[in-house]
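Reproduced below: target19.cif, with mmCIF, C-alpha atoms.
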```cif
data_data
loop_
_atom_site.label_atom_id
_atom_site.label_comp_id
_atom_site.auth_asym_id
_atom_site.auth_seq_id
_atom_site.Cartn_x
_atom_site.Cartn_y
_atom_site.Cartn_z
CA MET Y 690 -47.96 -30.75 8.24
CA LYS Y 691 -46.41 -31.98 5.02
CA LYS Y 692 -46.19 -28.39 3.70
CA ALA Y 693 -44.42 -27.22 6.89
CA GLY Y 694 -41.81 -30.01 6.63
CA SER Y 695 -41.15 -29.23 2.98
CA ARG Y 696 -40.62 -25.54 3.80
CA THR Y 697 -38.10 -26.37 6.53
CA LEU Y 698 -36.26 -28.78 4.21
CA SER Y 699 -36.06 -26.05 1.56
CA GLY Y 700 -34.59 -23.69 4.14
CA ILE Y 701 -31.98 -26.25 5.19
CA LEU Y 702 -31.07 -26.95 1.55
CA LEU Y 703 -30.71 -23.23 0.89
CA ILE Y 704 -28.35 -22.84 3.85
CA LEU Y 705 -26.32 -25.86 2.65
CA VAL Y 706 -26.00 -24.43 -0.86
CA LEU Y 707 -24.87 -21.07 0.53
CA ALA Y 708 -22.36 -22.80 2.84
CA ALA Y 709 -21.02 -24.87 -0.07
CA GLY Y 710 -20.67 -21.71 -2.19
CA TYR Y 711 -18.77 -19.95 0.60
CA ALA Y 712 -16.50 -22.99 1.08
CA ILE Y 713 -15.70 -23.15 -2.65
CA LYS Y 714 -14.97 -19.40 -2.72
CA THR Y 715 -12.70 -19.75 0.30
CA VAL Y 716 -10.60 -22.68 -0.91
CA THR Y 717 -10.25 -21.76 -4.60
CA PRO Y 718 -7.49 -19.31 -5.65
CA ASN Y 719 -8.64 -15.73 -6.28
CA ALA Y 720 -7.85 -13.35 -9.15
CA ASP Y 721 -4.62 -12.20 -7.45
CA PHE Y 722 -3.31 -15.76 -7.74
CA PHE Y 723 -4.38 -16.36 -11.35
CA GLU Y 724 -2.99 -13.00 -12.48
CA ARG Y 725 0.31 -13.20 -10.59
CA PRO Y 726 3.49 -12.25 -12.46
CA PHE Y 727 5.59 -14.90 -14.24
CA ILE Y 728 8.84 -14.98 -12.26
CA THR Y 729 12.20 -16.04 -13.70
CA SER Y 730 15.01 -16.37 -11.15
CA GLY Y 731 18.77 -16.30 -11.54
CA PRO Y 732 21.88 -15.55 -9.50
CA VAL Y 733 23.88 -12.33 -9.21
CA GLY Y 734 26.25 -12.03 -12.18
CA GLU Y 735 24.09 -13.96 -14.65
CA ILE Y 736 21.74 -12.64 -17.32
CA VAL Y 737 18.16 -13.53 -16.44
CA THR Y 738 15.65 -13.17 -19.25
CA THR Y 739 11.90 -12.79 -19.12
CA ARG Y 740 9.37 -11.90 -21.83
CA GLN Y 741 10.15 -8.22 -22.42
CA PHE Y 742 13.65 -7.72 -20.99
CA SER Y 743 16.70 -9.31 -19.48
CA ALA Y 744 18.46 -8.20 -16.31
CA LYS Y 745 21.84 -8.83 -14.75
CA VAL Y 746 22.78 -7.73 -11.22
CA ILE Y 747 26.51 -6.95 -11.47
CA SER Y 748 27.28 -5.98 -7.87
CA VAL Y 749 25.64 -4.76 -4.67
CA ARG Y 750 26.77 -2.06 -2.24
CA TYR Y 751 25.39 -1.13 1.16
CA ALA Y 752 25.50 2.19 3.06
CA THR Y 753 23.99 4.16 5.91
CA GLU Y 754 24.65 7.50 4.18
CA LEU Y 755 24.53 8.39 0.48
CA LYS Y 756 26.18 11.30 -1.26
CA GLU Y 757 24.59 12.26 -4.56
CA GLY Y 758 26.23 15.41 -5.95
CA SER Y 759 26.08 18.06 -3.22
CA LYS Y 760 23.29 16.29 -1.35
CA THR Y 761 23.73 13.87 1.54
CA PHE Y 762 20.99 11.38 2.44
CA THR Y 763 20.83 9.67 5.81
CA THR Y 764 18.63 6.76 6.80
CA GLY Y 765 17.45 5.01 9.94
CA GLY Y 766 17.93 1.77 8.01
CA VAL Y 767 20.30 0.75 5.23
CA PHE Y 768 20.65 1.82 1.61
CA VAL Y 769 21.10 -1.07 -0.83
CA LEU Y 770 22.63 -0.07 -4.17
CA ALA Y 771 22.38 -2.71 -6.90
CA ARG Y 772 24.41 -2.17 -10.09
CA VAL Y 773 22.30 -3.70 -12.84
CA SER Y 774 22.20 -4.01 -16.59
CA PHE Y 775 18.86 -4.13 -18.43
CA THR Y 776 18.23 -5.00 -22.09
CA ALA Y 777 14.88 -4.94 -23.86
CA THR Y 778 14.20 -8.14 -25.78
CA ILE Y 779 11.49 -7.47 -28.35
CA LYS Y 780 10.41 -3.82 -28.23
CA GLU Y 781 11.12 -0.53 -26.51
CA THR Y 782 10.18 -0.62 -22.83
CA HIS Y 783 11.23 0.58 -19.39
CA ILE Y 784 11.54 -0.95 -15.91
CA GLY Y 785 8.68 0.53 -13.94
CA PHE Y 786 8.73 -1.94 -11.07
CA ALA Y 787 11.69 -2.47 -8.73
CA GLN Y 788 11.30 -4.07 -5.36
CA LEU Y 789 13.53 -5.62 -2.70
CA GLU Y 790 11.96 -8.46 -0.75
CA SER Y 791 13.45 -9.34 2.62
CA GLY Y 792 13.79 -12.84 4.02
CA ASP Y 793 10.74 -12.28 6.23
CA GLY Y 794 8.58 -11.36 3.22
CA ARG Y 795 8.48 -7.57 3.57
CA THR Y 796 8.76 -5.63 0.29
CA PHE Y 797 10.54 -2.32 -0.23
CA ALA Y 798 10.00 -0.26 -3.38
CA ALA Y 799 13.03 1.50 -4.89
CA THR Y 800 13.41 4.76 -2.97
CA ASP Y 801 12.18 8.07 -4.37
CA ARG Y 802 14.63 10.11 -2.26
CA VAL Y 803 17.48 9.97 -4.77
CA THR Y 804 17.51 10.32 -8.54
CA GLN Y 805 16.61 6.97 -10.09
CA ASN Y 806 17.34 6.76 -13.80
CA MET Y 807 17.12 2.98 -14.16
CA VAL Y 808 13.67 2.33 -12.69
CA GLU Y 809 10.32 3.84 -11.79
CA ARG Y 810 8.75 6.94 -13.33
CA SER Y 811 11.90 8.52 -14.75
CA ALA Y 812 13.38 5.24 -15.98
CA VAL Y 813 15.46 5.30 -19.13
CA ARG Y 814 13.74 3.80 -22.18
CA LEU Y 815 15.30 0.49 -23.16
CA GLN Y 816 15.82 -0.37 -26.83
CA PRO Y 817 15.97 -4.02 -27.97
CA GLY Y 818 19.47 -5.46 -27.85
CA ILE Y 819 21.13 -2.38 -26.30
CA PRO Y 820 22.18 -2.93 -22.65
CA VAL Y 821 21.84 -0.04 -20.22
CA GLU Y 822 23.79 -0.13 -16.96
CA GLY Y 823 23.36 1.84 -13.76
CA GLU Y 824 22.53 1.61 -10.06
CA VAL Y 825 19.14 1.14 -8.41
CA VAL Y 826 18.79 2.30 -4.79
CA PHE Y 827 16.57 0.77 -2.11
CA GLU Y 828 16.12 2.00 1.45
CA ILE Y 829 15.31 -0.88 3.79
CA ALA Y 830 14.91 -1.48 7.52
CA ARG Y 831 17.98 -2.83 9.32
CA SER Y 832 15.91 -5.82 10.38
CA ALA Y 833 15.32 -6.63 6.69
CA LEU Y 834 19.03 -6.92 5.93
CA GLY Y 835 20.12 -10.54 5.87
CA PRO Y 836 19.64 -13.96 4.33
CA GLY Y 837 16.73 -14.49 1.96
CA MET Y 838 16.78 -11.03 0.35
CA SER Y 839 15.96 -10.78 -3.36
CA ILE Y 840 15.48 -8.02 -5.90
CA ARG Y 841 12.64 -8.08 -8.42
CA PHE Y 842 12.23 -6.09 -11.62
CA ALA Y 843 9.39 -5.87 -14.13
CA THR Y 844 8.22 -3.63 -16.92
CA GLU Y 845 5.20 -1.81 -15.63
CA GLU Y 846 3.42 0.06 -18.35
CA GLY Y 847 0.24 0.46 -16.33
CA PHE Y 848 -0.37 0.56 -12.62
CA GLU Y 849 0.33 -3.08 -11.85
CA VAL Y 850 2.45 -6.07 -12.71
CA ARG Y 851 -0.36 -8.55 -13.22
CA MET Y 852 0.73 -11.38 -15.53
CA GLU Y 853 3.92 -9.47 -16.40
CA GLY Y 854 7.25 -11.18 -16.84
CA MET Y 855 9.33 -10.54 -13.70
CA VAL Y 856 13.01 -11.12 -12.98
CA GLU Y 857 14.06 -12.17 -9.48
CA ILE Y 858 17.66 -12.08 -8.31
CA PRO Y 859 18.35 -13.59 -4.85
CA LEU Y 860 21.06 -11.70 -2.92
CA THR Y 861 22.97 -14.57 -1.35
CA SER Y 862 25.76 -12.40 0.08
CA THR Y 863 25.61 -9.30 2.25
CA GLU Y 864 29.35 -8.70 2.11
CA GLY Y 865 30.19 -5.10 2.90
CA ALA Y 866 26.92 -4.40 4.69
CA PRO Y 867 27.15 -1.88 7.55
CA TRP Y 868 26.03 -4.16 10.36
CA VAL Y 869 27.49 -1.95 13.09
CA GLU Y 870 29.64 0.91 11.81
CA PRO Y 871 28.09 3.69 9.69
CA LYS Y 872 29.22 3.72 6.09
CA THR Y 873 29.04 6.51 3.50
CA VAL Y 874 29.11 5.86 -0.25
CA THR Y 875 28.95 8.14 -3.27
CA TYR Y 876 26.07 7.47 -5.62
CA ASP Y 877 26.04 8.51 -9.26
CA PRO Y 878 22.65 8.15 -10.96
CA ALA Y 879 24.18 8.28 -14.46
CA VAL Y 880 23.52 5.36 -16.80
CA LYS Y 881 25.94 3.72 -19.29
CA ARG Y 882 24.91 2.44 -22.69
CA MET L 123 -39.75 -30.17 15.57
CA ALA L 124 -39.82 -28.96 11.96
CA ALA L 125 -43.56 -28.59 12.15
CA GLY L 126 -43.18 -26.68 15.40
CA LEU L 127 -40.73 -24.19 13.87
CA ALA L 128 -42.78 -23.67 10.74
CA GLY L 129 -45.90 -23.09 12.81
CA GLN L 130 -44.49 -20.02 14.62
CA SER L 131 -46.06 -16.64 13.96
CA MET L 132 -44.35 -14.01 11.81
CA ARG L 133 -43.95 -11.88 14.96
CA THR L 134 -41.96 -14.67 16.67
CA TRP L 135 -39.81 -15.17 13.58
CA GLY L 136 -39.19 -11.42 13.35
CA ALA L 137 -38.25 -11.13 17.02
CA ALA L 138 -35.91 -14.15 16.75
CA ALA L 139 -34.25 -12.68 13.65
CA GLY L 140 -33.81 -9.36 15.46
CA VAL L 141 -32.16 -10.99 18.49
CA LEU L 142 -29.89 -13.03 16.20
CA ALA L 143 -28.87 -9.92 14.20
CA LEU L 144 -28.10 -8.04 17.42
CA ALA L 145 -26.01 -10.93 18.75
CA LEU L 146 -24.05 -11.22 15.48
CA SER L 147 -23.53 -7.46 15.33
CA GLY L 148 -22.26 -7.54 18.92
CA LEU L 149 -19.72 -10.21 18.02
CA PHE L 150 -18.20 -7.87 15.41
CA GLY L 151 -18.19 -4.71 17.55
CA GLY L 152 -21.71 -3.50 16.80
CA LEU L 153 -22.44 -2.89 20.46
CA ASP L 154 -19.28 -0.82 21.05
CA ASP L 155 -19.54 2.91 21.65
CA ALA L 156 -20.21 4.63 18.34
CA LYS L 157 -17.70 7.40 18.97
CA LYS L 158 -14.56 7.11 21.03
CA PRO L 159 -13.15 10.21 22.75
CA PRO L 160 -10.27 11.90 20.89
CA VAL L 161 -6.73 11.14 22.00
CA ARG L 162 -4.13 13.75 22.92
CA PRO L 163 -1.19 14.70 20.71
CA GLY L 164 1.89 12.70 21.69
CA THR L 165 -0.08 9.48 22.11
CA GLU L 166 1.10 6.57 19.96
CA ILE L 167 -1.79 5.18 17.92
CA VAL L 168 -1.29 1.58 16.84
CA MET L 169 -3.22 0.43 13.78
CA PRO L 170 -2.87 -2.81 11.77
CA THR L 171 -0.73 -1.08 9.14
CA TRP L 172 1.10 1.71 11.00
CA LYS L 173 1.96 3.35 14.29
CA VAL L 174 1.32 7.11 14.33
CA THR L 175 2.11 9.72 16.98
CA VAL L 176 0.70 13.15 16.13
CA LEU L 177 3.08 15.80 17.48
CA SER L 178 1.86 19.23 16.37
CA ALA L 179 -0.06 21.23 13.76
CA ARG L 180 0.53 24.62 12.20
CA VAL L 181 -0.75 26.88 9.47
CA ILE L 182 1.93 28.52 7.33
CA ALA L 183 1.90 30.97 4.46
CA SER L 184 4.21 28.91 2.26
CA HIS L 185 6.98 26.33 2.21
CA PRO L 186 9.68 26.06 -0.44
CA LYS L 187 9.14 22.30 -0.86
CA MET L 188 5.35 22.12 -0.51
CA PHE L 189 3.73 22.58 -3.90
CA THR L 190 0.43 24.50 -4.08
CA LEU L 191 -2.06 24.47 -6.95
CA SER L 192 -2.62 28.23 -6.72
CA LYS L 193 -0.10 30.86 -5.73
CA GLY L 194 -1.10 32.45 -2.43
CA ASN L 195 -2.84 29.44 -0.95
CA GLN L 196 -1.81 28.78 2.65
CA LEU L 197 -0.82 25.40 4.08
CA LEU L 198 -2.10 23.42 7.02
CA THR L 199 0.47 20.94 8.27
CA VAL L 200 0.54 18.12 10.81
CA THR L 201 3.84 16.78 12.11
CA ALA L 202 3.78 13.14 13.17
CA LYS L 203 6.02 10.14 13.78
CA VAL L 204 4.96 7.33 11.46
CA GLU L 205 6.15 3.75 11.25
CA ILE L 206 4.71 1.45 8.62
CA THR L 207 4.07 -1.94 10.21
CA ALA L 208 2.42 -3.47 7.13
CA ASP L 209 4.68 -5.66 5.02
CA SER L 210 4.97 -3.35 2.00
CA THR L 211 6.10 0.14 1.14
CA TRP L 212 3.20 2.59 1.47
CA THR L 213 3.18 4.93 -1.51
CA ALA L 214 1.37 8.05 -2.66
CA GLY L 215 -0.96 5.80 -4.64
CA GLY L 216 -1.96 5.30 -8.22
CA GLY L 217 -4.12 2.32 -8.97
CA ARG L 218 -4.63 -0.27 -6.27
CA GLY L 219 -2.34 -0.77 -3.35
CA LEU L 220 -1.08 1.21 -0.44
CA ARG L 221 -1.63 4.95 -0.31
CA LEU L 222 0.07 7.51 1.94
CA GLY L 223 -3.12 9.57 2.04
CA ASP L 224 -4.88 6.73 3.83
CA ILE L 225 -2.88 7.31 7.01
CA ILE L 226 -4.38 10.62 8.05
CA ARG L 227 -7.35 12.80 7.23
CA LEU L 228 -8.64 16.16 8.37
CA THR L 229 -12.26 16.70 9.16
CA GLY L 230 -14.35 19.80 9.69
CA VAL L 231 -11.80 22.23 8.24
CA THR L 232 -13.05 24.90 5.83
CA GLY L 233 -11.27 26.17 2.76
CA ILE L 234 -9.31 23.01 1.94
CA VAL L 235 -8.55 22.75 -1.77
CA ASN L 236 -9.76 19.50 -3.38
CA GLU L 237 -11.94 18.59 -0.43
CA SER L 238 -13.73 15.28 -0.75
CA GLU L 239 -16.60 13.72 1.10
CA VAL L 240 -16.45 10.38 2.85
CA GLY L 241 -19.70 9.08 4.28
CA GLY L 242 -21.29 12.52 3.97
CA LEU L 243 -18.49 14.21 5.97
CA PRO L 244 -15.82 16.41 4.45
CA MET L 245 -12.68 14.31 4.96
CA THR L 246 -9.56 15.46 3.25
CA THR L 247 -6.48 13.47 2.44
CA PRO L 248 -3.17 15.32 2.51
CA ALA L 249 -1.82 16.99 -0.63
CA GLY L 250 1.66 15.72 0.18
CA VAL L 251 4.17 14.50 2.74
CA LEU L 252 7.47 16.07 3.76
CA LEU L 253 10.19 13.86 5.19
CA LYS L 254 11.66 15.85 8.11
CA ARG L 255 14.94 13.89 7.85
CA ASP L 256 15.98 15.79 4.72
CA ASN L 257 13.17 18.36 4.39
CA ASN L 258 12.09 17.00 1.02
CA THR L 259 8.71 15.70 -0.09
CA THR L 260 8.40 11.94 -0.41
CA LEU L 261 5.98 9.62 -2.14
CA MET L 262 6.68 6.59 0.02
CA LEU L 263 7.30 5.27 3.52
CA HIS L 264 8.86 1.87 4.02
CA PRO L 265 8.05 -0.88 6.57
CA GLY L 266 10.14 -0.89 9.73
CA LEU L 267 11.61 2.56 9.08
CA PRO L 268 10.03 5.04 11.54
CA GLU L 269 10.19 8.62 10.26
CA GLU L 270 9.07 12.05 11.42
CA VAL L 271 6.99 13.54 8.61
CA GLU L 272 4.90 16.63 8.00
CA PHE L 273 1.60 15.98 6.19
CA TYR L 274 0.25 19.08 4.45
CA TRP L 275 -3.02 20.35 3.01
CA GLU L 276 -3.57 23.35 0.75
CA GLN L 277 -6.06 25.91 2.06
CA LYS L 278 -7.59 28.91 0.36
CA PRO L 279 -5.81 32.16 1.26
CA GLY L 280 -7.19 34.21 4.11
CA THR L 281 -9.09 31.30 5.68
CA ALA L 282 -9.19 32.09 9.39
CA PRO L 283 -7.39 29.24 11.17
CA ALA L 284 -9.27 27.38 13.87
CA LYS L 285 -7.72 27.07 17.34
CA GLU L 286 -7.37 23.31 16.92
CA LEU L 287 -7.48 20.64 14.23
CA THR L 288 -9.45 17.41 14.32
CA ILE L 289 -7.46 14.63 12.68
CA HIS L 290 -8.48 11.09 11.90
CA ILE L 291 -5.79 8.41 12.00
CA GLN L 292 -7.20 5.74 9.76
CA SER L 293 -7.42 2.05 10.37
CA MET L 294 -7.11 -0.36 7.46
CA LEU L 295 -8.42 -3.84 6.81
CA TRP L 296 -7.00 -6.35 4.30
CA ARG L 297 -9.80 -8.09 2.44
CA GLY L 298 -10.83 -9.32 -0.96
CA ASP L 299 -13.23 -7.37 -3.13
CA SER L 300 -16.50 -9.30 -3.12
CA PHE L 301 -16.98 -8.73 -6.86
CA THR L 302 -13.49 -8.94 -8.41
CA THR L 303 -11.90 -10.99 -5.55
CA TYR L 304 -8.79 -8.77 -5.82
CA GLU L 305 -7.31 -8.37 -2.35
CA ASP L 306 -6.42 -4.90 -1.13
CA TRP L 307 -6.32 -2.62 1.91
CA HIS L 308 -9.61 -0.90 2.69
CA ILE L 309 -10.29 1.87 5.20
CA ASP L 310 -11.94 0.49 8.32
CA ASP L 311 -13.78 3.66 9.40
CA ALA L 312 -15.21 2.13 12.57
CA LYS L 313 -11.72 1.80 14.04
CA ASN L 314 -10.36 5.24 13.11
CA VAL L 315 -8.92 7.26 15.99
CA GLU L 316 -9.55 10.97 16.38
CA VAL L 317 -6.81 13.32 17.56
CA VAL L 318 -7.46 16.95 18.46
CA VAL L 319 -4.31 19.04 18.22
CA PRO L 320 -3.78 22.78 18.84
CA LEU L 321 -3.12 24.73 15.64
CA ASP L 322 -0.18 27.14 15.70
CA ASP L 323 -0.62 30.12 13.34
CA GLN L 324 2.82 30.74 11.79
CA ARG L 325 1.63 32.57 8.67
CA ALA L 326 3.33 35.84 9.63
CA THR L 327 6.76 34.21 9.93
CA THR L 328 6.54 32.01 6.83
CA GLN L 329 5.79 34.60 4.15
CA PRO L 330 7.79 33.96 0.96
CA ALA L 331 10.66 36.39 0.34
CA ALA L 332 9.60 39.38 -1.77
CA GLN L 333 10.77 39.31 -5.41
CA SER L 334 13.54 41.83 -6.03
#
```

Would you mind writing the structure in this file as structure tokens?
Amino acid sequence: MKKAGSRTLSGILLILVLAAGYAIKTVTPNADFFERPFITSGPVGEIVTTRQFSAKVISVRYATELKEGSKTFTTGGVFVLARVSFTATIKETHIGFAQLESGDGRTFAATDRVTQNMVERSAVRLQPGIPVEGEVVFEIARSALGPGMSIRFATEEGFEVRMEGMVEIPLTSTEGAPWVEPKTVTYDPAVKR
Amino acid sequence: MAAGLAGQSMRTWGAAAGVLALALSGLFGGLDDAKKPPVRPGTEIVMPTWKVTVLSARVIASHPKMFTLSKGNQLLTVTAKVEITADSTWTAGGGRGLRLGDIIRLTGVTGIVNESEVGGLPMTTPAGVLLKRDNNTTLMLHPGLPEEVEFYWEQKPGTAPAKELTIHIQSMLWRGDSFTTYEDWHIDDAKNVEVVVPLDDQRATTQPAAQS
């Protein structure tokens, strides 16, 4: 009788320990939280500096049709063209990560439909102290256009931006956005040093 | 009561455990039909991360924008309307994250180059995606922007095309890795939807122009 009671108590204790372990795992932050990027924010027109580079968003244009050379690109959404200037701070690097986040939390990577010389795979190499200026193009849903948008940049030497320095620029104005009428702009992927 | 429980035979414990396992499995879909009937082309398939409507399939000799590993390989293509409903751009992959190849897979097709096995079945992810809007390949689809695309697979030359293709539209589940705790999308095979679509043989009309 005593042995049977002890066995049941052991079983209950085991279940309690497992439940406690699950509860701790559920409420404590995971690796994605601990390894999140270090974000530095600043407004359009100001230089925002993080560990490996600084960024300045100079201006933003919006369009429903892009002309790049002889090619014309249409979209069911909106193209967002951000004129930016990047400068490496301590060593040669490039901006491998460019993302527009909408007010409702959706994220849009810089489009691969047009030539992108400032970001992603073909990004220009940045040398310390030498600013490079050009446009970065995003293609976003119409429903994403509006208050709360921000653009984020990071150097991405590997696959991810874990624990990387990241610059975030909130877009507080959507002046010139094609809310109703279609709008065509000419895009030049060239960069200025 | 504790003495009563502990005094039960192993057979009783085993039967109780079996009933409990069956009940738990039923709660999570374990008692559902193992295989759902395929859906027809033109049907919108709604998954947690995308909406897909398979429109048509064809086999072609070549396409100026679809890259092949070996000259002479033919191409199997599937045209579909796709809208990403997840909250991030879905890309061609590389590392963790969202991968275009997760949307659709072929099964039971012979001669596919770079065929892989998933769960013992040959299941092949597309070699690339063509955006029909501008007839160029793309490496990404964005949330809230529905597009008509053509997924393509490279097939060894001379492979006799079947009359129809069996396609799996994949379902995804967001969960943490139990070892690393990194959160990511994982294929939820149990909820995949099968589409059977007639295959149109257009090889004769899509031969590349002869070199002069």

Show me as an MDAnalysis selection string the residues that reach within 9 Å of (12.0, -3.1, 5.0), counting only C-alpha atoms and using the file's own coordinates. (chainID Y and resid 766 789:791 795:797 828:834) or (chainID L and resid 209:211 264:267)

From L:Ala202, L:Ile289, L:Ala145, L:Val181, residue lying nearest Arg227 (chain L) [only C-alpha atoms]: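 Of L:Ala202, L:Ile289, L:Ala145, L:Val181, the one nearest Arg227 (chain L), counting only C-alpha atoms, is L:Ile289.
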
Near chain L, meaning an atom within 9 Å, which residues of chain Y appear when counting all atoms listed in the file? Write them as a count of residues only. 34

I want to know what sits within 6 Å of region 176-180 of chain L, based on all atoms listed in the file, with residues of the same chain fewer than 5 positions away left out; could you give that as a list of chain:residue names? L:Pro163, L:Gly164, L:Leu198, L:Thr199, L:Val200, L:Thr201, L:Ala202, L:Leu321, L:Asp322, L:Asp323

Name the residues that the PyMOL selection byres ((chain Y and resi 773) around 7) pulls out of this structure, and write them as an MDAnalysis selection string. chainID Y and resid 744:747 771:772 774:775 822:824

When the PyMOL selection byres ((chain Y and resi 808-819) around 12) is applied to the structure above, which residues does it catch, written out as a PyMOL selection string? (chain Y and resi 740-744+771-788+798-801+803-807+820-827+841-848+878-882) or (chain L and resi 216+261)

The PyMOL selection byres ((chain Y and resi 856-872) around 7) on the file shown: which residues, as a list in words?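 Matching residues under the PyMOL selection byres ((chain Y and resi 856-872) around 7) are Ile728, Thr729, Ser730, Gly731, Pro732, Val733, Val737, Thr739, Arg750, Tyr751, Ala752, Thr753, Glu754, Gly835, Pro836, Met838, Ser839, Ile840, Arg841, Phe842, Ala843, Gly854, Met855, Thr873 and Val874 of chain Y.
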
Using only C-alpha atoms, which residues sit within 9 Å of Leu287 (chain L) once same-chain residues fewer than 5 positions away are excluded, as number ranges by chain? L: 179, 228-231, 317-321

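When CA of Ala326 (chain L) is paired with CA of Ala282 (chain L), their separation reads 13.1 Å.
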
Go ahead and compute the interatomic distance for CA of Ile206 (chain L) and CA of Val174 (chain L), in Å to one decimal. 8.7 Å

Tell me, in Å to one decimal, how far CA of Gly700 (chain Y) is from CA of Asp299 (chain L). 27.8 Å

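Using only C-alpha atoms for every distance, the candidate list L:Gly223, L:Gly233, L:Lys193, L:Lys203 yields L:Gly233 as the residue closest to Ala284 (chain L).
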
Selected residue of minimal separation from Thr165 (chain L) among L:Ile234, L:Gln324, L:Val315, L:Lys187, counting all atoms listed in the file: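 Nearest candidate to Thr165 (chain L) out of L:Ile234, L:Gln324, L:Val315, L:Lys187: L:Val315.
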
Which residue is closest to Val161 (chain L)? Choose from L:Val141, L:Pro330, L:Ser300, L:Asn314 and count all atoms listed in the file. L:Asn314
